[in-house]
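Next comes structure-v2.txt, with compact mmCIF, C-alpha atoms.
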```
# COMPACT_ATOMS: atom_id res chain seq x y z
CA MET A 596 0.00 0.00 0.00
CA ILE A 597 1.35 3.42 -1.02
CA MET A 598 -0.17 6.77 -0.05
CA GLY A 599 0.65 10.20 -1.43
CA ARG A 600 -0.67 13.34 -3.09
CA VAL A 601 -1.19 13.81 -6.80
CA VAL A 602 1.37 16.25 -8.22
CA ASN A 603 0.86 15.59 -11.94
CA ILE A 604 -1.73 13.87 -14.16
CA TYR A 605 -1.70 12.95 -17.83
CA ASP A 606 -4.40 10.95 -19.63
CA VAL A 607 -3.28 8.72 -22.51
CA ALA A 608 -6.13 7.22 -24.57
CA LYS A 609 -5.49 3.80 -26.18
CA PRO A 610 -8.83 2.64 -27.61
CA SER A 611 -9.33 -1.09 -28.07
CA LYS A 612 -12.23 -3.11 -29.55
CA ARG A 613 -11.48 -6.18 -27.45
CA HIS A 614 -14.05 -6.98 -24.78
CA GLY A 615 -12.84 -5.99 -21.31
CA ALA A 616 -9.60 -4.51 -22.63
CA ALA A 617 -8.18 -1.28 -21.27
CA GLN A 618 -9.07 1.87 -23.19
CA GLY A 619 -6.17 3.93 -21.95
CA TYR A 620 -4.29 4.90 -18.81
CA ILE A 621 -3.77 7.87 -16.54
CA ARG A 622 -0.17 8.58 -15.65
CA ILE A 623 -0.18 9.85 -12.07
CA MET A 624 2.76 11.22 -10.13
CA LEU A 625 2.33 10.61 -6.39
CA ALA A 626 4.52 12.44 -3.88
CA ASP A 627 4.94 12.17 -0.14
CA ASP A 628 7.55 13.46 2.30
CA THR A 629 10.20 11.02 1.01
CA GLY A 630 9.93 10.86 -2.78
CA VAL A 631 7.85 10.63 -5.95
CA LEU A 632 6.26 7.58 -7.61
CA THR A 633 4.80 7.22 -11.10
CA VAL A 634 1.55 5.23 -11.28
CA ARG A 635 0.07 4.01 -14.56
CA LEU A 636 -3.63 3.60 -13.85
CA TRP A 637 -5.24 1.63 -16.69
CA TYR A 638 -9.00 1.96 -17.15
CA ALA A 639 -11.73 0.34 -19.23
CA ASN A 640 -15.17 1.61 -18.20
CA LEU A 641 -14.62 3.42 -14.91
CA GLU A 642 -13.98 7.16 -14.93
CA TYR A 643 -11.45 8.38 -12.37
CA LYS A 644 -11.93 12.01 -11.38
CA LEU A 645 -8.46 12.91 -10.18
CA ARG A 646 -7.19 16.39 -9.40
CA LEU A 647 -3.89 17.90 -8.38
CA GLY A 648 -3.51 17.74 -4.61
CA HIS A 649 -5.82 14.74 -4.10
CA LEU A 650 -4.76 12.34 -1.36
CA VAL A 651 -4.58 8.88 -2.96
CA THR A 652 -3.87 5.35 -1.70
CA VAL A 653 -2.63 2.71 -4.16
CA TRP A 654 -2.56 -1.04 -3.54
CA THR A 655 -0.13 -2.82 -5.87
CA VAL A 656 1.98 -5.97 -5.96
CA HIS A 657 5.12 -4.47 -7.50
CA VAL A 658 7.21 -1.31 -7.73
CA SER A 659 9.93 -1.12 -10.37
CA THR A 660 12.62 1.30 -11.45
CA SER A 661 12.58 2.88 -14.87
CA SER A 662 15.70 2.95 -17.05
CA GLU A 663 16.93 4.96 -19.99
CA ASN A 664 15.78 2.21 -22.34
CA ASN A 665 12.13 1.61 -21.42
CA PHE A 666 10.87 5.19 -20.75
CA LEU A 667 8.15 3.87 -18.44
CA ALA A 668 8.50 6.80 -16.03
CA PRO A 669 9.93 10.34 -16.22
CA ASN A 670 13.37 11.12 -14.84
CA SER A 671 11.90 13.10 -11.94
CA ALA A 672 9.98 10.02 -10.70
CA PRO A 673 11.88 6.89 -11.84
CA LEU A 674 10.01 4.52 -9.49
CA PHE A 675 6.81 3.28 -11.11
CA THR A 676 3.99 0.80 -10.79
CA THR A 677 1.19 -0.28 -13.09
CA ILE A 678 -2.34 -1.17 -11.94
CA PHE A 679 -5.57 -2.16 -13.67
CA PRO A 680 -8.25 -2.40 -10.94
CA GLU A 681 -10.98 -3.42 -13.40
CA GLY A 682 -9.00 -6.35 -14.75
CA GLU A 683 -6.74 -7.46 -11.89
CA ARG A 684 -7.70 -8.71 -8.43
CA HIS A 685 -4.68 -7.65 -6.34
CA CYS A 686 -4.60 -3.93 -7.08
CA HIS A 687 -6.81 -1.01 -6.14
CA ILE A 688 -6.82 2.78 -5.94
CA MET A 689 -8.70 4.99 -3.48
CA VAL A 690 -9.15 8.76 -3.62
CA HIS A 691 -9.61 10.26 -0.13
CA GLU A 692 -12.15 12.97 -0.91
CA ASN A 693 -14.03 12.87 2.41
CA SER A 694 -11.29 11.59 4.73
CA ASP A 695 -8.57 14.10 3.80
CA ASP A 696 -8.00 16.68 6.56
CA GLY A 697 -5.45 18.57 4.42
CA THR A 698 -2.47 17.97 6.71
CA ARG A 699 -0.81 14.77 5.43
CA PHE A 700 2.05 14.83 2.90
CA LYS A 701 2.03 18.60 2.53
CA ARG A 702 5.77 19.07 2.90
CA PRO A 703 7.87 18.68 -0.29
CA PHE A 704 10.10 15.64 0.05
CA SER A 705 13.36 17.64 -0.15
CA CYS A 706 12.22 20.46 2.16
CA ILE A 707 13.72 21.21 5.56
CA ASP A 708 11.55 23.91 7.11
CA LEU A 709 14.43 25.97 8.49
CA ARG A 710 16.22 26.05 5.13
CA GLU A 711 15.35 27.31 1.71
CA LEU A 712 13.99 24.81 -0.79
CA PRO A 713 16.78 23.57 -3.12
CA GLY A 714 16.50 25.03 -6.59
CA LEU A 715 13.92 27.61 -5.49
CA MET A 716 13.99 30.89 -7.41
CA THR A 717 11.73 33.87 -8.01
CA LEU A 718 9.75 34.38 -11.20
CA LYS A 719 12.03 37.26 -12.17
CA SER A 720 15.14 35.10 -11.73
CA PHE A 721 13.50 32.33 -13.76
CA THR A 722 12.62 34.77 -16.57
CA ASP A 723 16.14 36.27 -16.56
CA GLY A 724 17.79 32.91 -17.28
CA GLY A 725 17.01 30.66 -14.33
CA PHE A 726 15.13 28.30 -16.65
CA ASP A 727 18.51 26.83 -17.66
CA VAL A 728 19.10 25.52 -14.14
CA ASP A 729 18.50 21.81 -13.54
CA GLU A 730 15.20 21.16 -11.76
CA PRO A 731 14.15 24.78 -11.09
CA ARG A 732 11.40 25.42 -8.56
CA LEU A 733 8.94 28.30 -8.43
CA LEU A 734 6.83 29.22 -5.42
CA VAL A 735 3.88 31.27 -6.63
CA CYS A 736 0.42 32.36 -5.57
CA VAL A 737 -2.68 32.06 -7.74
CA LYS A 738 -3.75 35.51 -8.91
CA SER A 739 -6.61 34.70 -11.28
CA ILE A 740 -8.37 31.73 -12.87
CA GLY A 741 -9.31 32.08 -16.52
CA ALA A 742 -12.20 30.52 -18.40
CA ARG A 743 -11.98 27.12 -20.07
CA LYS A 744 -11.29 27.24 -23.78
CA ARG A 745 -11.54 24.57 -26.41
CA TYR A 746 -9.13 24.03 -29.27
CA ILE A 747 -8.74 21.49 -32.07
CA ASN A 748 -5.66 19.28 -32.11
CA ARG A 749 -3.78 18.35 -35.27
CA ASN A 750 -5.51 14.95 -35.34
CA GLY A 751 -8.93 16.62 -35.34
CA THR A 752 -9.86 15.92 -31.70
CA THR A 753 -11.02 18.65 -29.32
CA SER A 754 -9.22 19.45 -26.07
CA GLU A 755 -9.54 22.05 -23.34
CA LEU A 756 -7.13 24.49 -21.76
CA LEU A 757 -7.30 26.90 -18.85
CA THR A 758 -4.88 29.69 -17.95
CA LEU A 759 -3.99 30.65 -14.39
CA GLY A 760 -2.50 34.01 -13.51
CA ILE A 761 0.26 33.51 -10.94
CA PHE A 762 2.65 35.85 -9.15
CA ASP A 763 5.26 36.18 -6.45
CA GLU A 764 6.90 39.22 -4.89
CA THR A 765 8.99 39.90 -8.03
CA ALA A 766 6.86 39.31 -11.15
CA ASP A 767 3.70 37.90 -12.73
CA ALA A 768 3.39 34.89 -15.03
CA LEU A 769 0.85 32.58 -16.68
CA LEU A 770 0.39 28.85 -16.08
CA THR A 771 -1.63 26.96 -18.71
CA LEU A 772 -3.36 23.69 -17.78
CA TYR A 773 -4.44 21.27 -20.48
CA SER A 774 -7.13 18.57 -20.69
CA GLY A 775 -7.56 16.64 -17.42
CA LEU A 776 -5.55 19.17 -15.43
CA CYS A 777 -8.27 21.80 -16.00
CA ASP A 778 -10.50 20.16 -13.37
CA SER A 779 -7.86 20.94 -10.73
CA ALA A 780 -8.54 24.68 -11.04
CA ALA A 781 -11.90 24.23 -9.25
CA SER A 782 -10.13 23.83 -5.89
CA LEU A 783 -7.82 26.84 -6.29
CA GLN A 784 -8.51 30.21 -4.64
CA PRO A 785 -7.00 33.46 -5.94
CA SER A 786 -4.70 35.26 -3.46
CA GLN A 787 -4.90 32.22 -1.18
CA THR A 788 -3.63 29.05 -2.91
CA ILE A 789 0.15 28.59 -3.11
CA LEU A 790 1.70 26.44 -5.82
CA LEU A 791 5.20 24.93 -5.74
CA ILE A 792 5.99 24.22 -9.41
CA SER A 793 9.01 22.02 -10.12
CA CYS A 794 10.57 21.64 -13.59
CA PRO A 795 7.88 23.50 -15.59
CA GLY A 796 7.76 23.84 -19.32
CA TRP A 797 8.29 27.45 -20.34
CA ARG A 798 8.14 30.08 -23.04
CA ILE A 799 9.53 33.52 -22.25
CA GLU A 800 7.88 36.52 -23.90
CA LYS A 801 6.87 39.72 -22.11
CA MET A 802 6.22 37.47 -19.13
CA ALA A 803 6.92 33.82 -18.41
CA LYS A 804 4.32 31.43 -19.86
CA LEU A 805 4.53 28.11 -18.04
CA THR A 806 3.09 24.67 -18.74
CA LEU A 807 3.36 21.24 -17.15
CA ASN A 808 5.29 18.47 -18.92
CA ALA A 809 6.07 14.86 -18.01
CA ASN A 810 8.78 15.87 -15.50
CA SER A 811 6.82 18.68 -13.86
CA ARG A 812 5.37 18.54 -10.35
CA VAL A 813 2.86 20.83 -8.66
CA ASP A 814 2.51 20.84 -4.87
CA ILE A 815 -0.63 22.67 -3.75
CA ASP A 816 -0.32 24.66 -0.49
CA PRO A 817 2.98 23.05 0.57
CA GLU A 818 3.90 23.14 4.23
CA ALA A 819 6.98 25.37 4.13
CA GLY A 820 7.99 28.67 5.66
CA ASP A 821 8.41 30.36 2.26
CA ALA A 822 4.85 29.35 1.32
CA ARG A 823 3.41 30.86 4.50
CA ARG A 824 5.24 34.13 3.88
CA LEU A 825 4.03 34.33 0.27
CA ARG A 826 0.43 33.68 1.37
CA ALA A 827 0.71 36.43 3.97
CA LEU A 828 2.09 38.78 1.31
CA ALA A 829 -0.79 37.92 -1.04
CA ARG A 830 -3.35 38.66 1.67
CA ARG A 831 -1.73 42.02 2.34
CA LEU A 832 -1.85 42.91 -1.35
CA THR A 833 -5.61 42.28 -1.46
CA LYS A 834 -6.33 44.79 1.27
CA LYS A 835 -5.38 48.43 1.35
CA GLU A 836 -2.26 49.13 3.40
CA HIS A 837 -2.13 52.03 5.84
CA VAL A 838 -0.59 55.07 4.17
CA ASN A 839 1.46 56.03 7.24
CA PRO A 840 1.51 53.32 9.94
CA SER A 841 2.54 54.31 13.44
CA PHE A 842 5.61 53.00 15.24
CA PRO A 843 4.85 49.48 16.60
CA PRO A 844 4.50 48.94 20.37
CA ILE A 845 8.07 47.77 21.01
CA ASP A 846 10.07 48.86 24.07
CA VAL A 847 13.49 50.03 22.85
CA SER A 848 14.63 51.81 26.03
CA CYS A 849 16.45 48.75 27.36
CA TYR A 850 18.42 48.33 24.16
CA GLU A 851 19.25 52.02 23.87
CA GLU A 852 21.01 51.92 27.25
CA SER A 853 22.69 48.55 26.65
CA PRO A 854 26.52 48.51 26.68
CA VAL A 855 26.55 46.01 23.78
CA ARG A 856 24.74 47.02 20.57
CA ALA A 857 24.67 44.64 17.62
CA LEU A 858 25.12 45.85 14.04
CA TYR A 859 23.12 43.88 11.47
CA SER A 860 23.09 43.85 7.69
CA LEU A 861 19.81 43.73 5.77
CA ALA A 862 20.62 40.14 4.79
CA ASP A 863 21.07 39.23 8.48
CA ILE A 864 17.65 40.71 9.28
CA ASP A 865 16.03 38.79 6.44
CA SER A 866 17.59 35.52 7.59
CA PHE A 867 16.53 36.11 11.20
CA ALA A 868 12.94 36.89 10.16
CA ARG A 869 12.72 33.67 8.15
CA VAL A 870 14.07 31.46 10.92
CA ASN A 871 12.41 33.22 13.88
CA PRO A 872 9.16 34.74 12.58
CA ARG A 873 7.61 35.05 16.06
CA GLU A 874 10.49 36.86 17.78
CA GLU A 875 11.29 40.56 18.00
CA LEU A 876 14.65 41.89 16.85
CA LEU A 877 16.43 45.08 17.95
CA GLY A 878 19.68 46.39 16.58
CA TYR A 879 21.42 48.83 14.27
CA ILE A 880 21.94 48.96 10.51
CA SER A 881 24.44 51.06 8.56
CA CYS A 882 22.87 52.05 5.26
CA ILE A 883 22.85 54.64 2.47
CA ILE A 884 19.85 56.77 1.48
CA THR A 885 19.79 56.62 -2.33
CA SER A 886 16.85 58.97 -2.89
CA LEU A 887 15.07 61.73 -0.99
CA ASN A 888 12.01 63.59 -2.27
CA ILE A 889 10.87 66.50 -0.07
CA VAL A 890 10.27 69.45 -2.41
CA VAL A 891 7.72 67.78 -4.73
CA PRO A 892 5.43 66.52 -1.91
CA PHE A 893 5.73 69.95 -0.28
CA LYS A 894 4.53 71.68 -3.47
CA ARG A 895 1.69 69.15 -3.80
CA ASN A 896 0.58 69.71 -0.21
CA MET A 897 1.46 66.07 0.63
CA LEU A 898 4.45 66.42 2.94
CA LEU A 899 2.53 64.99 5.91
CA SER A 900 0.04 62.14 5.82
CA ALA A 901 -2.33 60.05 7.93
CA GLU A 902 -5.45 57.94 7.50
CA CYS A 903 -8.98 58.39 8.78
CA CYS A 904 -12.22 56.56 7.90
CA GLY A 905 -10.18 54.32 5.59
CA ILE A 906 -9.16 57.28 3.42
CA ALA A 907 -5.64 58.70 3.08
CA VAL A 908 -5.26 62.28 4.29
CA PHE A 909 -2.44 64.53 3.03
CA SER A 910 -1.54 68.05 4.02
CA ASN A 911 1.29 70.43 4.84
CA GLU A 912 -0.15 70.93 8.32
CA THR A 913 0.40 68.80 11.40
CA SER A 914 -3.34 68.51 11.94
CA THR A 915 -6.38 68.79 9.71
CA ILE A 916 -10.07 67.92 9.63
CA CYS A 917 -11.29 64.64 8.12
CA LYS A 918 -13.79 65.33 5.34
CA GLN A 919 -15.76 62.20 6.23
CA CYS A 920 -16.25 62.39 9.99
CA GLU A 921 -15.19 66.03 10.45
CA LYS A 922 -12.92 65.07 13.34
CA PRO A 923 -9.36 66.41 13.81
CA VAL A 924 -6.59 64.16 12.45
CA GLU A 925 -2.97 64.30 13.57
CA LEU A 926 -0.55 63.97 10.65
CA ARG A 927 3.00 62.64 10.55
CA ILE A 928 5.77 63.03 7.99
CA ASN A 929 5.02 61.09 4.82
CA PRO A 930 7.31 58.00 4.78
CA ARG A 931 7.42 58.00 0.98
CA ILE A 932 9.76 61.01 0.93
CA ILE A 933 12.53 58.47 1.61
CA GLY A 934 13.47 56.43 -1.45
CA PRO A 935 15.31 53.09 -1.52
CA VAL A 936 17.71 52.49 1.37
CA LEU A 937 20.50 49.95 0.86
CA ASP A 938 23.62 48.45 2.32
CA GLU A 939 26.15 45.95 0.95
CA THR A 940 23.73 43.02 1.21
CA GLY A 941 20.23 44.24 0.33
CA GLN A 942 17.73 47.02 -0.14
CA VAL A 943 14.56 48.37 1.48
CA GLY A 944 12.08 49.70 -1.07
CA ASN A 945 10.71 53.20 -1.46
CA GLY A 946 8.73 54.34 1.60
CA ARG A 947 8.90 50.96 3.34
CA LEU A 948 10.57 52.18 6.55
CA ILE A 949 8.47 53.22 9.55
CA LEU A 950 10.20 56.10 11.34
CA SER A 951 9.30 57.33 14.80
CA ASP A 952 8.92 61.06 15.46
CA ARG A 953 12.33 61.06 17.13
CA ALA A 954 13.94 59.34 14.11
CA TRP A 955 12.45 61.92 11.73
CA GLU A 956 13.79 64.75 13.86
CA GLU A 957 17.28 63.23 14.03
CA LEU A 958 17.33 62.54 10.27
CA LEU A 959 15.97 65.89 9.04
CA GLY A 960 17.22 68.05 11.91
CA ARG A 961 13.77 69.48 12.62
CA THR A 962 10.33 68.46 13.84
CA ALA A 963 7.31 67.99 11.58
CA LEU A 964 5.99 71.42 12.54
CA GLN A 965 9.32 73.05 11.70
CA LEU A 966 9.57 71.09 8.45
CA VAL A 967 6.28 72.35 6.99
CA HIS A 968 7.30 75.96 7.72
CA THR A 969 10.74 75.61 6.11
CA ASP A 970 11.52 77.56 2.94
CA VAL A 971 11.55 75.63 -0.35
CA GLY A 972 15.21 76.53 -0.97
CA VAL A 973 16.20 75.04 2.38
CA LEU A 974 14.19 71.89 1.64
CA ARG A 975 15.99 71.49 -1.69
CA TYR A 976 19.34 71.87 0.09
CA LEU A 977 18.22 69.29 2.65
CA GLU A 978 17.47 66.84 -0.15
CA GLN A 979 20.94 67.25 -1.62
CA ARG A 980 22.60 67.15 1.79
CA LEU A 981 21.09 63.77 2.73
CA LEU A 982 21.43 62.16 -0.72
CA PHE A 983 23.82 59.16 -0.62
CA LEU A 984 24.55 59.86 3.04
CA ARG A 985 25.51 56.82 5.12
CA VAL A 986 23.62 56.75 8.40
CA SER A 987 23.26 54.35 11.32
CA MET A 988 19.66 53.53 12.17
CA GLY A 989 18.38 51.86 15.29
CA PHE A 990 15.66 49.45 14.16
CA ALA A 991 13.02 47.23 15.66
CA LEU A 992 11.34 44.34 13.85
CA LYS A 993 8.10 42.68 14.88
CA LEU A 994 6.44 40.44 12.32
CA ASP A 995 2.70 40.22 11.83
CA ASP A 996 1.68 36.98 10.08
CA GLU A 997 5.38 36.45 9.18
CA ILE A 998 5.49 39.76 7.24
CA GLY A 999 6.70 43.06 8.64
CA ARG A 1000 8.39 46.39 8.01
CA LEU A 1001 11.49 47.79 9.67
CA ALA A 1002 10.65 50.37 12.32
CA ILE A 1003 13.37 53.00 12.87
CA TRP A 1004 13.53 54.56 16.34
CA CYS A 1005 16.78 56.59 16.04
CA VAL A 1006 19.14 57.89 13.35
CA ASN A 1007 22.83 58.79 13.70
CA SER A 1008 24.86 60.20 10.82
```

Mind turning this structure into structure tokens?
Amino acid sequence: MIMGRVVNIYDVAKPSKRHGAAQGYIRIMLADDTGVLTVRLWYANLEYKLRLGHLVTVWTVHVSTSSENNFLAPNSAPLFTTIFPEGERHCHIMVHENSDDGTRFKRPFSCIDLRELPGLMTLKSFTDGGFDVDEPRLLVCVKSIGARKRYINRNGTTSELLTLGIFDETADALLTLYSGLCDSAASLQPSQTILLISCPGWRIEKMAKLTLNANSRVDIDPEAGDARRLRALARRLTKKEHVNPSFPPIDVSCYEESPVRALYSLADIDSFARVNPREELLGYISCIITSLNIVVPFKRNMLLSAECCGIAVFSNETSTICKQCEKPVELRINPRIIGPVLDETGQVGNGRLILSDRAWEELLGRTALQLVHTDVGVLRYLEQRLLFLRVSMGFALKLDDEIGRLAIWCVNS
């Protein structure tokens, strides 16, 4: 008896006029936490409704190893077995549709949770040449599910295809499912379902267009730290993010007075967040401000910002009245005036830092009230003065659902 999850399906029709003879077979790739097995499921009259991600149990009397000469199984799953439940007594297959709690065999067989999946790359890296790597892996989230379309094959038969929009934190792509794989799209949820695609077929145009071939595998909602982080990122993208979040409730007074203060790189912070997603981190980073934009927001009356009634509020005043509830709103300096910040190991994107009021004052040399009353010429000089300046920032990191932003509580030039 062998149990695993379906990671690839391919239906091969072989019509026969003989009574009781098989009419074709379904090539199934089953995966568990230890490896992958190819199953050739022959059928005559029964119709097997298999989908990607189904939990399946197979009873068989033999398991063999494929070789370069017989081509009975793909290279990615050389172990194979053949069963014909309608014509043989000692074999059987069972699909666990009602008894699957969604927890068994969710971890890819080569995955160690505290380490990155081998061969894993982003969609951008794959598009930029990563497709030449042996056994590439892509961890993506379903973005959209297209409609089924029919097309005519060269032999005159009609088949179906369905295109999935997929994405990660770096790029978007398309994944096309053909024939029997189209039924698997019914269980997928946009911005929720995570797919781990191994060894896909590809065509690179303006974006990557992926397909599944004989060596491909698709793990649905794998149990891995990277998958949880991507799902959290997808959920955040579906809801509107606060335009100017406040400094998180982290006590930094003890660290500020500590005789030992650790200096981290951005890569160190990323590694810590992946390994310890539930712990807080305090320290310092030494980084360079590559862009600063103060004059343009000042002229647009957007130098300070806040949010009230779910609507972003911008002004060049430290307080204003919300147009929805007509209540006073306290505004803080717009975080998007700071462009990308980088060190030797990584980069923080435009406006992604959360600065406390003290950090803003130490960086700009003035409070928010003083900033909005500063002359435009002085603001332009301030931009040029801070451009490409290396500063030391005291940071605090507290992840929410394994995703977070660096909060800066002090700045020293």

Atom pair CA of Tyr643 (chain A) + CA of Ser774 (chain A), distance 13.8 Å

Selection: 9 Å around region 690-703 of chain A, all atoms listed in the file, excl. self and same-chain fewer than 2 positions, as a list of chain:residue names: A:Met598, A:Gly599, A:Arg600, A:Ala626, A:Asp627, A:Asp628, A:Thr629, A:Gly630, A:Lys644, A:Leu645, A:His649, A:Leu650, A:Val651, A:Thr652, A:Val653, A:Ile688, A:Ser705, A:Cys706, A:Ile707, A:Asp708, A:Leu712, A:Leu791, A:Asp814, A:Ile815, A:Asp816, A:Pro817, A:Glu818, A:Ala819

Please list as a PyMOL selection string every residue within 7 Å of Thr788 (chain A), counting only C-alpha atoms and excluding residues in the same chain fewer than 3 positions away. chain A and resi 736-737+783-785+816

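All residues of protein, DNA or RNA that reach within 6 Å of Arg622 (chain A), judged by only C-alpha atoms and not counting those fewer than 5 positions away in the chain, are Ile604, Tyr605, Val634 and Arg635 of chain A.
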
Just write the chosen residues, C-alpha atoms, as an mmCIF file, in the frame of the given file.
```
data_model
loop_
_atom_site.group_PDB
_atom_site.id
_atom_site.type_symbol
_atom_site.label_atom_id
_atom_site.label_comp_id
_atom_site.auth_asym_id
_atom_site.auth_seq_id
_atom_site.Cartn_x
_atom_site.Cartn_y
_atom_site.Cartn_z
ATOM 1 C CA ILE A 604 -1.730 13.870 -14.160
ATOM 2 C CA TYR A 605 -1.700 12.950 -17.830
ATOM 3 C CA VAL A 634 1.550 5.230 -11.280
ATOM 4 C CA ARG A 635 0.070 4.010 -14.560
#
```

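Shortest separation to Val936 (chain A) among A:Leu759, A:Ala991, A:Ile906, A:Leu1001 occurs at residue A:Leu1001, atoms counted being all atoms listed in the file.
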
Leaving out Gly682 (chain A) and any residue of its chain fewer than 5 positions from it, which residues lie within 9 Å of it when counting all atoms listed in the file, given as a PyMOL selection string? chain A and resi 615-617+638-639

Quick one: distance from CA of Gly648 (chain A) to CA of Ala822 (chain A) in Å, one decimal? 15.5 Å

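Residue nearest Asp729 (chain A), chosen from A:Ser782, A:Ser841, A:Thr753, A:Asn810 and counting only C-alpha atoms: A:Asn810.
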
Skipping near chain neighbours, those fewer than 2 positions away, what residues fall within 12 Å of region 868-879 of chain A using only C-alpha atoms, listed as number ranges by chain? A: 707-711, 819-825, 843-851, 853, 855-866, 881-882, 986-1007

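What separates CA of Gly934 (chain A) from CA of Leu974 (chain A) is a distance of 15.8 Å.
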
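Of the listed residues A:Leu950, A:Gly941, A:Lys801, A:Arg812, the one whose atoms come nearest to Ile928 (chain A) is A:Leu950, with distances taken using only C-alpha atoms.
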
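Shortest separation to Ser886 (chain A) among A:Thr677, A:Gln979, A:Ser951, A:Asn929 occurs at residue A:Gln979, atoms counted being all atoms listed in the file.
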
Sphere at (-5.7, 30.6, -15.9), radius 6 Å, counting only C-alpha atoms: residues as number ranges by chain: A: 740-741, 757-760

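The nearest approach to Leu674 (chain A) among the residues A:Leu770, A:Ile623, A:Met716, A:Leu647, with all atoms listed in the file taken into account, belongs to A:Ile623.
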